[in-house]
Structures are given as structure tokens and as C-alpha cells.
Amino acid sequence: MEPIIDPRSGFCSSNSIYYSKRKPLPLPPNPSLDVTTFISSRAHHGTTAFIDSSTGHHLTFPHLWLSVHSVASSLSSMGIRKGDVILLLSPNSIYFPVVCLSVMSLGAIITTTNPLNTSTEIAKQIKDSNPVLAFATSQLLPKITAASPNLPIILIEEEEEQERNKPKQPRVVDTLHNMMTKREPSVNRVKQQVNQDDTATLLYSSGTTGPSKGVVSSHRNLISMVQIVIGRFEKEELQTFICTVPMFHIYGLVAFATGLLASGSTIVVLSKFEMHDMLSSIERFRATYLPLVPPILVAMVNNAEAIKGKYDLSSLHSVLSGGAPLSKEVIEGFVEKYPKVTILQGYGLTESTGVGASTDSLEESRRYGTAGLLSPGTEAKIVEPESGEALPVNKTGELWLRGPTIMKGYFSNEEATASTLDSEGWLRTGDVCYIDNDGFIFIVDRLKELIKYKGYQVPPAELEALLLTHPAILDAAVIPYPDKEAGQVPMAYVVRKPGSNLSESQVMDFVAKQVAPYKRIRRVTFTSSVPKNPSGKILRKDLIKLATSKL
């Protein structure tokens with residue numbers, strides 16, 4: 001018997017499941033298909049795939065696919081095989097997608113890492129994922145060689161370095177430029193069958209209660225997400241997107257290194273976020289879409305008069321915000337200052353391979369505070385965390401998601417997988433939400449304790465563990481503290497050891513030397529004790545209340 005689904009909310013009272021109201025997307029039936037082949041076979045009218053915003057260098061679609069084929073052939077002749085893990089350490093670049101698509105076409109697995117990470121942080125990921133080869137830029141070579149002295153490296157050079165592209169460093173075995181220009185006959189390439197169920201990516205999510213975990217996503221997960229992205233943008237005329245969000249993150253990877261390519265869109269790549277570069281690129285390339293994170297949007301509101309006097313943003317018709325919810329005040333402020341630009345929002349996790357819900361139209365975006373409607377093919381439950389009871393419309397609980405984009409699990413971590421994915425394929429998101437009468441998701445709070453700093457995720461447990469290694473610190477807790485510019489900043493409550501006169505700046509400097517800049521402690525308060533529950537868990541909510549009561 002077919003479940004009876006309320007057409008307005010998408011809720012089925014017989015099984016307490018919310019079904020997506022969006023039109024279902026066809027998924028390719030052929031099991032022997034990799035995501036690179038799937039994207040490259042899509043018909044579209046696009047000509048230019050990528051433009052480097054600083055140099056103007058670009059890759060046309062034919063050049064992109066020729067380069068991907070050449071790099072894949074070179075990797076194959078080096079002995080790279082299905083299931084091998086390849087590390088990519090690079091800022092945003094027009095070559096980032098070339099590496100990802102080449103690696104995945106062989107059935108090898110791409111693992112990305114943040115260029116801001118320290119050598120110690122990179123070494124942890126290398127130890128966990130065990131890559132056989134790394135791609136890195138020359139600026140990041142010292143970090144990767146310090147993290148893993150014996151890992152073979154392929155150098156991603158800047159354009160001007162390509163004249164002198166012979167590898168000189170001992171661990172550098174080739175350059176990407178050499179590999180892209182080799183036109184080997186395809187008979188040299190060992191073609192192994194890649195299936196949709198095979199692993200494509202291994203991205204590391206921020207651990208809230210311990211070290212970060214490797215999220216295993218399959219080719220099917222990525223193909224499903226590409227279909228969602230195509231469904232959203234293919235019907236329109238060809239668009240030009242500005243890429244400011246990091247490609248090493250799931251948001252950037254599914255949008256700019258994979259999904260949007262299938263629609264024929266042009267992607268203007270900024271190597272790092274800088275407000276002037278972003279705004280002048282919109283003007284120069286007549287960009288239509290600007291994906292960003294909330295702190296950038298807040299900065300655009302706060303500096304609207306200066307921006308509108310200096311830059312022509314008339315081509316821009318939509319901003320896409322993700323990474324954290326937008327407040328009603330921010331949305332209203334943006335709409336007032338930029339009345340011709342639509343704000344669209346998205347919600348997703350590394351574990352859901354990107355977008356789990358979104359607002360896709362002006363009408364949908366007018367519902368302030370919503371994360372949007374469920375993505376095509378995605379199902380949801382709202383579950384009471386204590387009892388496990390599935391809840392109806394307008395009741396608040398933890399959001400669970402199920403569908404073709406949900407990860408396979410955590411890499412070599414059965415315990416973490418079992419606590420996040422249940423036997424029926426439901427992903428516990430750790431977000432406290434409700435779904436309204438019209439099927440819109442509203443995020444209320446986080447069960448997870450991540451701090452959102454300028455769109456980056458900062459795990460408190462990692463900083464707490466680091467603070468406890470200081471000889472003068474007895475106990476510590478880290479919480480999010482509201483910040484107008486960054487969204488949230490990490491704040492530490494520190495218990496000094498008896499007799500210690502440790503200062504705030506000493507605490508901040510101690511952490512700053514050992515972590516990426518976005519993870520640094522920005523505020524310190526000394527306290528006599530850290531509040532904890534009977535099982536020893538830090539009562540962060542109490543500390544957040546205490547810290548924000550003075551605001």
C-alpha cells in the first residue's frame with residue numbers, strides 16, 4: 001500500500017517520514033559508472049569552464065576534458081589504481097577540479113585538506129587516510145614535506161612557473177603542467193571498472209567530540225548531488241559563478257569541482273577570499289551567481305554604500321548562502337541594500353554530500369530563517385533525541401536524513417559510523433530543527449557543538465585537548481562567542497593550576513602556534529571550575545549563557 005503523503009508538508013503520518021516536494025531526479029541505472037564520466041557525458045552549450053580571476057587564464061570545456069584524460073593516463077602509467085588514496089593540498093585554482101576529476105575517473109580516491117592547516121594537522125590526516133601520492137602547490141611544499149617526508153608529490157605550479165617546470169625538490173616526481181600536456185595514446189592506460197558504489201572522495205569533517213573523521217562518499221553519492229545541482233541550474237540560460245568558497249570543502253567540491261560543470265556554467269575562481277577581488281570579479285566577468293558564507297554577506301550589508309559607489313554589480317541576480325543559517329535581520333538588511341539580488345539558502349553536511357535542503361526561488365527565499373525544502377530524492381524525520389520518537393509537523397527535534405547522497409560511513413571508524421548512520425540508512429545530522437506546514441525546514445539549534453567561524457567549522461574538543469597539554473592549565477572548555485564579522489569566535493574558559501599567573505595572551509599564543517588561523521582562541525576567561533554533568537560532559541550551554549549574558 002502506497003503511503004498517504006500530505007501534499008502541502010510532504011509528511012506521511014503512517015511512517016512519520018517527510019518526503020521531498022521537489023520533482024524526483026532520474027539517477028543513471030548503469031552500475032558501472034564513475035562521476036567524471038557522468039559529468040563529461042552531459043550535453044550543454046557551455047564554452048568556458050574555468051577562469052582564473054587574477055590572471056584571466058581559462059580552461060575551455062574541451063581543454064578541461066583533454067587535460068583530465070591526460071592526467072588520468074599519466075597517473076595510470078605511474079601505477080595509480082582503483083582504491084588508491086591521493087591527497088590534494090591546494091588553495092582554490094582552475095587546476096583543482098582537473099586533479100579531482102582525473103583521480104576519480106581511475107576509481108582512485110581524492111582526499112582534500114585545508115591549506116591553512118598546520119603540518120601537524122596535515123600529518124594526522126595523512127596517517128589516517130594513508131595516501132600513496134600528493135598534489136600540492138610550491139608554496140605548500142614545506143608543509144607537506146614536514147607532515148610526511150617520504151610522500152611522493154606532484155607539483156601544481158602557478159602559470160608563470162610553468163616555464164621552469166622541471167621538478168627540483170627530492171620528493172617531487174612530476175608537475176601537473178607536464179601531465180596535462182602529455183598526449184599519450186589511451187591504450188597505455190589501465191582501465192579498471194569503476195562502479196557507482198566505489199568510494200570517490202574521503203573528506204574530513206570537524207569532529208565535535210574528538211579527532212576529525214574521514215567521510216566516505218561514493219560515486220553514486222556524487223552523481224546524485226550533480227543531478228541535484230543540474231536540476232537547479234540547467235533550465236536557465238548559461239550562468240557565470242564566482243567561486244569564493246573553498247574547493248577542499250564539500251560545498252565548494254560539489255558546486256565548483258563537479259556539479260556546475262555538468263550544466264555548462266562558467267566558474268570564475270578566486271584563490272582566496274578578498275572582498276575587493278570578489279566584487280571586481282563580479283563586475284569584470286559579469287557574474288550572475290555568488291555562492292558565499294554568511295560573514296561575507298554580513299560584510300556586504302555593512303559596507304553597501306561604499307560597494308555600490310565603487311563596483312558595478314548589475315549582472316548579479318542571486319547570492320547562494322550556506323554554512324550557517326542567516327538571521328532575519330541580515331536577510332532584511334541585504335534585501336534593502338541590494339533589492340535586485342535574490343538570497344537563496346542551502347543546508348547540508350559533508351555526510352550528506354552537500355545540499356540536503358535549499359530555497360530555489362525568490363518566493364521560497366521570502367520565508368525568513370528557513371533552510372528550504374528537502375532536495376529531490378531526500379527523505380527526513382524529526383526525532384525526539386531522548387525518546388527516539390519521530391515527530392509530526394511543527395514539532396522540534398533532531399533532523400535525520402536519508403537518500404542517495406548520504407555517505408557510506410566514516411573511514412575505518414565503525415563506532416562513529418554506527419552512532420551516526422542507522423541500519424535503515426538514516427543519517428543523524430546533529431541539528432535541532434522543525435518542518436512547517438509547507439515542508440520548509442527551520443534550524444533551531446545544534447546538538448553538535450561546532451563553532452562556525454567565517455564559514456569554517458571549529459571543533460571545541462580539539463582546542464580543549466590542546467589547552468590541556470599546557471603545563472599551567474588544569475581544565476578548559478571552549479565555546480562559540482557571537483561576533484558581528486565572523487559569526488562566531490572560539491572563546492576559552494580556563495582553570496589555572498594553583499600558583500600559576502598565566503595570562504589571556506599567553507593562552508591565545510599557545511594555541512595560535514599549533515592550529516590553523518581560523519581555529520585560534522579569540523577570547524579567554526579564567527574561572528575556578530568548568531561546569532560538567534555527572535558523566536563528566538562539559539555543560540557548554542551554561543557557559544554560553546554566562547558569556548553572552550553581558551552582551
# chains A, B, ... in the order shown; residues from 1 in each chain; ligands from 1
call {"tool": "select_by_dssp", "arguments": {"residues": "range 61-139 of chain A", "states": "alpha helix (DSSP H)", "output": "PyMOL selection string"}}
result
chain A and resi 61-77+96-105+119-129
call {"tool": "residues_around", "arguments": {"residues": "range 478-486 of chain A", "least_positions_apart": "4", "cutoff": "6 Å", "atoms": "only C-alpha atoms", "output": "VMD selection string"}}
result
chain A and resid 295 451 453 to 454 460 490 to 492
call {"tool": "write_last_selection", "arguments": {"atoms": "N, CA, C and O atoms", "output": "PDB file, in the first residue's frame"}}
result
ATOM      1  N   PRO A 295      29.241  35.345   6.874  1.00  0.00           N
ATOM      2  CA  PRO A 295      30.049  36.529   7.207  1.00  0.00           C
ATOM      3  C   PRO A 295      30.337  37.440   6.012  1.00  0.00           C
ATOM      4  O   PRO A 295      30.440  38.659   6.166  1.00  0.00           O
ATOM      5  N   ILE A 451      31.813  25.266  16.340  1.00  0.00           N
ATOM      6  CA  ILE A 451      31.833  26.728  16.293  1.00  0.00           C
ATOM      7  C   ILE A 451      31.971  27.112  14.828  1.00  0.00           C
ATOM      8  O   ILE A 451      32.814  26.573  14.110  1.00  0.00           O
ATOM      9  N   TYR A 453      33.166  29.736  12.443  1.00  0.00           N
ATOM     10  CA  TYR A 453      33.968  30.949  12.291  1.00  0.00           C
ATOM     11  C   TYR A 453      34.137  31.251  10.802  1.00  0.00           C
ATOM     12  O   TYR A 453      34.790  30.497  10.078  1.00  0.00           O
ATOM     13  N   LYS A 454      33.503  32.311  10.335  1.00  0.00           N
ATOM     14  CA  LYS A 454      33.580  32.724   8.920  1.00  0.00           C
ATOM     15  C   LYS A 454      33.321  31.555   7.967  1.00  0.00           C
ATOM     16  O   LYS A 454      33.984  31.404   6.943  1.00  0.00           O
ATOM     17  N   PRO A 460      35.278  22.340  19.223  1.00  0.00           N
ATOM     18  CA  PRO A 460      35.752  22.723  20.558  1.00  0.00           C
ATOM     19  C   PRO A 460      36.637  21.659  21.212  1.00  0.00           C
ATOM     20  O   PRO A 460      37.609  21.985  21.880  1.00  0.00           O
ATOM     21  N   PRO A 490      35.969  31.301  18.648  1.00  0.00           N
ATOM     22  CA  PRO A 490      36.236  30.400  19.775  1.00  0.00           C
ATOM     23  C   PRO A 490      36.634  31.184  21.032  1.00  0.00           C
ATOM     24  O   PRO A 490      37.529  32.030  20.984  1.00  0.00           O
ATOM     25  N   MET A 491      35.942  30.897  22.136  1.00  0.00           N
ATOM     26  CA  MET A 491      36.247  31.510  23.433  1.00  0.00           C
ATOM     27  C   MET A 491      36.571  30.394  24.422  1.00  0.00           C
ATOM     28  O   MET A 491      35.879  29.377  24.460  1.00  0.00           O
ATOM     29  N   ALA A 492      37.618  30.603  25.223  1.00  0.00           N
ATOM     30  CA  ALA A 492      38.038  29.567  26.172  1.00  0.00           C
ATOM     31  C   ALA A 492      37.776  30.003  27.613  1.00  0.00           C
ATOM     32  O   ALA A 492      38.069  31.138  27.993  1.00  0.00           O
TER      33      ALA A 492
END
call {"tool": "residues_around", "arguments": {"residues": "Phe256 in chain A", "least_positions_apart": "5", "cutoff": "10 Å", "atoms": "only C-alpha atoms", "output": "list in words"}}
result
Ala49, Phe50, Asn92, Ile94, Phe96, Pro97, Phe241, Ile242, Cys243, Thr244, Val245, Pro246, Met247, Ile250, Tyr251, Leu261, Ser265, Thr266, Ile267, Val268 and Val269 of chain A
call {"tool": "select_by_dssp", "arguments": {"residues": "range 290-465 of chain A", "states": "strand (DSSP E or B)", "output": "count of residues only"}}
result
61
call {"tool": "residues_around", "arguments": {"residues": "range 330-333 of chain A", "least_positions_apart": "2", "cutoff": "10 Å", "atoms": "only C-alpha atoms", "output": "list in words"}}
result
Pro294, Leu297, Val298, Met300, Val301, Asn302, Ala304, Leu326, Ser327, Lys328, Val335, Glu336, Lys337, Tyr338, Pro339, Thr342, Ile343, Ser365, Arg366, Tyr368 and Gly369 of chain A
call {"tool": "write_last_selection", "arguments": {"atoms": "C-alpha atoms", "output": "PDB file, in the first residue's frame"}}
result
ATOM      1  CA  PRO A 294      27.108  34.354   5.979  1.00  0.00           C
ATOM      2  CA  LEU A 297      27.024  38.545   3.208  1.00  0.00           C
ATOM      3  CA  VAL A 298      27.100  40.488   6.507  1.00  0.00           C
ATOM      4  CA  MET A 300      28.310  43.283   2.031  1.00  0.00           C
ATOM      5  CA  VAL A 301      25.396  44.671   4.077  1.00  0.00           C
ATOM      6  CA  ASN A 302      27.643  46.683   6.404  1.00  0.00           C
ATOM      7  CA  ALA A 304      26.801  48.542   0.991  1.00  0.00           C
ATOM      8  CA  LEU A 326      21.052  33.649   8.140  1.00  0.00           C
ATOM      9  CA  SER A 327      19.155  35.769  10.654  1.00  0.00           C
ATOM     10  CA  LYS A 328      16.001  37.693   9.686  1.00  0.00           C
ATOM     11  CA  VAL A 335      17.239  42.916   0.602  1.00  0.00           C
ATOM     12  CA  GLU A 336      17.051  46.608   1.494  1.00  0.00           C
ATOM     13  CA  LYS A 337      20.598  47.376   0.284  1.00  0.00           C
ATOM     14  CA  TYR A 338      20.559  45.086  -2.796  1.00  0.00           C
ATOM     15  CA  PRO A 339      16.884  44.957  -3.883  1.00  0.00           C
ATOM     16  CA  THR A 342      17.772  37.283  -4.567  1.00  0.00           C
ATOM     17  CA  ILE A 343      19.132  35.493  -1.477  1.00  0.00           C
ATOM     18  CA  SER A 365      13.583  32.771  -0.163  1.00  0.00           C
ATOM     19  CA  ARG A 366      10.986  35.130   1.335  1.00  0.00           C
ATOM     20  CA  TYR A 368      12.883  34.203   6.591  1.00  0.00           C
ATOM     21  CA  GLY A 369      15.102  31.832   8.505  1.00  0.00           C
TER      22      GLY A 369
END
call {"tool": "atom_distance", "arguments": {"atom1": "CA of Ala516 in chain A", "atom2": "CA of Thr118 in chain A"}}
result
5.8 Å
call {"tool": "atom_distance", "arguments": {"atom1": "CA of Val99 in chain A", "atom2": "CA of Leu33 in chain A"}}
result
18.5 Å
call {"tool": "atom_distance", "arguments": {"atom1": "CA of Gln514 in chain A", "atom2": "CA of Thr353 in chain A"}}
result
29.4 Å
call {"tool": "residues_around", "arguments": {"residues": "Thr429 in chain A", "least_positions_apart": "2", "cutoff": "9 Å", "atoms": "only C-alpha atoms", "output": "list in words"}}
result
Leu349, Glu351, Ser352, Glu398, Leu399, Trp400, Leu401, Thr420, Leu427, Asp431, Val432, Leu447 and Lys448 of chain A
call {"tool": "residues_around", "arguments": {"residues": "Gln125 in chain A", "least_positions_apart": "5", "cutoff": "12 Å", "atoms": "only C-alpha atoms", "output": "CSV table (one decimal) with N, CA and C atoms, in the first residue's frame"}}
result
chain,number,residue,atom,x,y,z
A,85,VAL,N,44.5,6.1,-2.4
A,85,VAL,CA,44.1,7.5,-1.9
A,85,VAL,C,45.2,8.5,-2.4
A,86,ILE,N,44.7,9.6,-2.9
A,86,ILE,CA,45.5,10.7,-3.4
A,86,ILE,C,45.2,11.9,-2.6
A,87,LEU,N,46.2,12.6,-2.0
A,87,LEU,CA,46.0,13.8,-1.2
A,87,LEU,C,46.1,15.0,-2.1
A,88,LEU,N,45.2,16.0,-1.9
A,88,LEU,CA,45.3,17.3,-2.7
A,88,LEU,C,45.3,18.4,-1.7
A,89,LEU,N,46.5,19.1,-1.7
A,89,LEU,CA,46.7,20.3,-0.8
A,89,LEU,C,46.9,21.5,-1.7
A,111,THR,N,41.4,12.8,-1.4
A,111,THR,CA,41.2,13.4,0.0
A,111,THR,C,41.8,14.8,0.0
A,112,THR,N,41.0,15.7,0.4
A,112,THR,CA,41.5,17.1,0.4
A,112,THR,C,41.7,17.6,1.8
A,113,THR,N,42.6,18.7,1.9
A,113,THR,CA,42.8,19.2,3.2
A,113,THR,C,42.9,20.7,3.1
A,114,ASN,N,42.7,21.4,4.2
A,114,ASN,CA,42.7,22.9,4.2
A,114,ASN,C,44.1,23.4,4.1
A,117,ASN,N,45.8,24.5,7.3
A,117,ASN,CA,46.1,23.6,8.3
A,117,ASN,C,47.7,23.6,8.6
A,118,THR,N,48.0,23.3,9.8
A,118,THR,CA,49.5,23.1,10.1
A,118,THR,C,50.0,21.8,9.7
A,119,SER,N,51.3,21.6,9.7
A,119,SER,CA,51.9,20.4,9.3
A,119,SER,C,51.4,19.2,10.2
A,120,THR,N,51.2,19.5,11.5
A,120,THR,CA,50.8,18.5,12.4
A,120,THR,C,49.4,18.1,12.1
A,130,ASN,N,46.3,7.4,4.7
A,130,ASN,CA,47.4,6.7,4.0
A,130,ASN,C,47.5,6.9,2.5
A,131,PRO,N,47.6,8.1,2.0
A,131,PRO,CA,47.7,8.4,0.6
A,131,PRO,C,49.0,7.8,0.0
A,144,ILE,N,53.8,20.0,3.5
A,144,ILE,CA,53.5,18.6,3.2
A,144,ILE,C,54.8,17.8,3.4
A,147,ALA,N,55.0,17.2,7.1
A,147,ALA,CA,53.9,16.3,7.5
A,147,ALA,C,54.3,14.9,7.2
A,148,SER,N,54.9,14.7,6.0
A,148,SER,CA,55.2,13.3,5.5
A,148,SER,C,56.4,13.4,4.6
A,202,LEU,N,37.2,11.2,0.1
A,202,LEU,CA,37.4,11.0,1.5
A,202,LEU,C,37.7,12.4,2.1
A,203,LEU,N,36.6,13.1,2.5
A,203,LEU,CA,36.8,14.4,3.1
A,203,LEU,C,36.7,14.3,4.6
A,204,TYR,N,37.4,15.2,5.3
A,204,TYR,CA,37.4,15.1,6.7
A,204,TYR,C,36.5,16.2,7.4
A,205,SER,N,35.5,15.7,8.1
A,205,SER,CA,34.6,16.6,8.8
A,205,SER,C,35.2,16.9,10.2
A,206,SER,N,34.8,18.1,10.7
A,206,SER,CA,35.3,18.5,12.0
A,206,SER,C,34.7,17.6,13.1
A,211,PRO,N,38.9,13.7,17.4
A,211,PRO,CA,39.5,14.0,16.2
A,211,PRO,C,38.6,14.0,15.0
A,212,SER,N,38.9,14.7,13.9
A,212,SER,CA,38.0,14.8,12.8
A,212,SER,C,38.0,13.4,12.1
A,213,LYS,N,36.9,13.1,11.4
A,213,LYS,CA,36.6,11.8,10.9
A,213,LYS,C,36.5,11.9,9.3
A,214,GLY,N,37.1,10.8,8.7
A,214,GLY,CA,37.0,10.8,7.2
A,214,GLY,C,35.7,10.3,6.8
A,215,VAL,N,35.0,11.2,5.9
A,215,VAL,CA,33.7,10.9,5.4
A,215,VAL,C,33.8,10.2,4.1
A,411,PHE,N,35.5,6.6,7.6
A,411,PHE,CA,36.6,5.8,7.2
A,411,PHE,C,37.2,5.1,8.4
call {"tool": "decode", "arguments": {"residues": "range 282-294 of chain A", "atoms": "all heavy atoms", "output": "mmCIF file, in the first residue's frame"}}
result
data_model
loop_
_atom_site.group_PDB
_atom_site.id
_atom_site.type_symbol
_atom_site.label_atom_id
_atom_site.label_comp_id
_atom_site.auth_asym_id
_atom_site.auth_seq_id
_atom_site.Cartn_x
_atom_site.Cartn_y
_atom_site.Cartn_z
ATOM 1 N N ILE A 282 33.047 40.137 -10.056
ATOM 2 C CA ILE A 282 31.628 40.175 -10.465
ATOM 3 C C ILE A 282 31.465 41.174 -11.602
ATOM 4 O O ILE A 282 30.831 40.888 -12.627
ATOM 5 C CB ILE A 282 30.712 40.547 -9.276
ATOM 6 C CG1 ILE A 282 30.742 39.460 -8.197
ATOM 7 C CG2 ILE A 282 29.264 40.775 -9.754
ATOM 8 C CD1 ILE A 282 30.071 39.857 -6.891
ATOM 9 N N GLU A 283 32.064 42.356 -11.422
ATOM 10 C CA GLU A 283 31.957 43.420 -12.439
ATOM 11 C C GLU A 283 32.656 43.016 -13.734
ATOM 12 O O GLU A 283 32.072 43.097 -14.818
ATOM 13 C CB GLU A 283 32.580 44.704 -11.878
ATOM 14 C CG GLU A 283 32.574 45.855 -12.859
ATOM 15 C CD GLU A 283 33.141 47.140 -12.258
ATOM 16 O OE1 GLU A 283 33.162 47.282 -11.015
ATOM 17 O OE2 GLU A 283 33.560 48.003 -13.042
ATOM 18 N N ARG A 284 33.886 42.508 -13.606
ATOM 19 C CA ARG A 284 34.714 42.217 -14.784
ATOM 20 C C ARG A 284 34.144 41.086 -15.629
ATOM 21 O O ARG A 284 34.160 41.134 -16.850
ATOM 22 C CB ARG A 284 36.125 41.878 -14.303
ATOM 23 C CG ARG A 284 37.116 41.639 -15.410
ATOM 24 C CD ARG A 284 38.506 41.444 -14.827
ATOM 25 N NE ARG A 284 39.407 40.813 -15.759
ATOM 26 C CZ ARG A 284 40.465 40.105 -15.412
ATOM 27 N NH1 ARG A 284 40.742 39.926 -14.133
ATOM 28 N NH2 ARG A 284 41.252 39.563 -16.311
ATOM 29 N N PHE A 285 33.652 40.044 -14.966
ATOM 30 C CA PHE A 285 33.198 38.854 -15.705
ATOM 31 C C PHE A 285 31.671 38.787 -15.816
ATOM 32 O O PHE A 285 31.137 37.777 -16.254
ATOM 33 C CB PHE A 285 33.755 37.588 -15.041
ATOM 34 C CG PHE A 285 35.259 37.539 -15.037
ATOM 35 C CD1 PHE A 285 35.977 37.782 -13.870
ATOM 36 C CD2 PHE A 285 35.960 37.274 -16.203
ATOM 37 C CE1 PHE A 285 37.365 37.753 -13.860
ATOM 38 C CE2 PHE A 285 37.352 37.236 -16.209
ATOM 39 C CZ PHE A 285 38.055 37.484 -15.036
ATOM 40 N N ARG A 286 31.004 39.844 -15.376
ATOM 41 C CA ARG A 286 29.521 39.924 -15.447
ATOM 42 C C ARG A 286 28.888 38.691 -14.797
ATOM 43 O O ARG A 286 28.020 38.016 -15.360
ATOM 44 C CB ARG A 286 29.031 40.076 -16.892
ATOM 45 C CG ARG A 286 29.640 41.215 -17.687
ATOM 46 C CD ARG A 286 29.396 42.584 -17.057
ATOM 47 N NE ARG A 286 27.967 42.944 -17.036
ATOM 48 C CZ ARG A 286 27.431 43.796 -16.174
ATOM 49 N NH1 ARG A 286 28.175 44.358 -15.237
ATOM 50 N NH2 ARG A 286 26.141 44.067 -16.233
ATOM 51 N N ALA A 287 29.346 38.387 -13.609
ATOM 52 C CA ALA A 287 28.872 37.189 -12.900
ATOM 53 C C ALA A 287 27.412 37.332 -12.500
ATOM 54 O O ALA A 287 26.942 38.425 -12.147
ATOM 55 C CB ALA A 287 29.724 36.941 -11.665
ATOM 56 N N THR A 288 26.698 36.206 -12.537
ATOM 57 C CA THR A 288 25.269 36.206 -12.214
ATOM 58 C C THR A 288 24.981 35.588 -10.847
ATOM 59 O O THR A 288 24.016 35.954 -10.188
ATOM 60 C CB THR A 288 24.480 35.435 -13.293
ATOM 61 O OG1 THR A 288 25.090 34.152 -13.489
ATOM 62 C CG2 THR A 288 24.478 36.182 -14.608
ATOM 63 N N TYR A 289 25.822 34.641 -10.419
ATOM 64 C CA TYR A 289 25.606 33.938 -9.145
ATOM 65 C C TYR A 289 26.829 34.093 -8.248
ATOM 66 O O TYR A 289 27.959 33.953 -8.705
ATOM 67 C CB TYR A 289 25.364 32.445 -9.375
ATOM 68 C CG TYR A 289 23.922 32.084 -9.656
ATOM 69 C CD1 TYR A 289 23.434 32.043 -10.958
ATOM 70 C CD2 TYR A 289 23.057 31.749 -8.618
ATOM 71 C CE1 TYR A 289 22.115 31.696 -11.218
ATOM 72 C CE2 TYR A 289 21.740 31.400 -8.873
ATOM 73 C CZ TYR A 289 21.271 31.382 -10.169
ATOM 74 O OH TYR A 289 19.965 31.022 -10.405
ATOM 75 N N LEU A 290 26.563 34.321 -6.959
ATOM 76 C CA LEU A 290 27.638 34.459 -5.988
ATOM 77 C C LEU A 290 27.373 33.541 -4.784
ATOM 78 O O LEU A 290 26.640 33.903 -3.871
ATOM 79 C CB LEU A 290 27.741 35.916 -5.518
ATOM 80 C CG LEU A 290 28.727 36.216 -4.387
ATOM 81 C CD1 LEU A 290 30.155 35.889 -4.812
ATOM 82 C CD2 LEU A 290 28.617 37.672 -3.949
ATOM 83 N N PRO A 291 27.929 32.319 -4.780
ATOM 84 C CA PRO A 291 27.825 31.480 -3.582
ATOM 85 C C PRO A 291 28.778 32.006 -2.509
ATOM 86 O O PRO A 291 29.918 32.361 -2.803
ATOM 87 C CB PRO A 291 28.260 30.092 -4.073
ATOM 88 C CG PRO A 291 28.148 30.169 -5.576
ATOM 89 C CD PRO A 291 28.484 31.579 -5.899
ATOM 90 N N LEU A 292 28.307 32.061 -1.267
ATOM 91 C CA LEU A 292 29.139 32.593 -0.188
ATOM 92 C C LEU A 292 28.720 32.011 1.156
ATOM 93 O O LEU A 292 27.807 31.193 1.239
ATOM 94 C CB LEU A 292 29.074 34.130 -0.163
ATOM 95 C CG LEU A 292 27.731 34.843 -0.403
ATOM 96 C CD1 LEU A 292 26.736 34.549 0.683
ATOM 97 C CD2 LEU A 292 27.939 36.346 -0.510
ATOM 98 N N VAL A 293 29.419 32.452 2.211
ATOM 99 C CA VAL A 293 29.063 32.069 3.581
ATOM 100 C C VAL A 293 28.564 33.334 4.291
ATOM 101 O O VAL A 293 28.906 34.447 3.884
ATOM 102 C CB VAL A 293 30.257 31.435 4.326
ATOM 103 C CG1 VAL A 293 30.564 30.058 3.755
ATOM 104 C CG2 VAL A 293 31.495 32.327 4.270
ATOM 105 N N PRO A 294 27.752 33.193 5.361
ATOM 106 C CA PRO A 294 27.108 34.354 5.979
ATOM 107 C C PRO A 294 28.009 35.537 6.333
ATOM 108 O O PRO A 294 27.607 36.687 6.102
ATOM 109 C CB PRO A 294 26.440 33.756 7.226
ATOM 110 C CG PRO A 294 26.089 32.361 6.795
ATOM 111 C CD PRO A 294 27.245 31.931 5.942
#
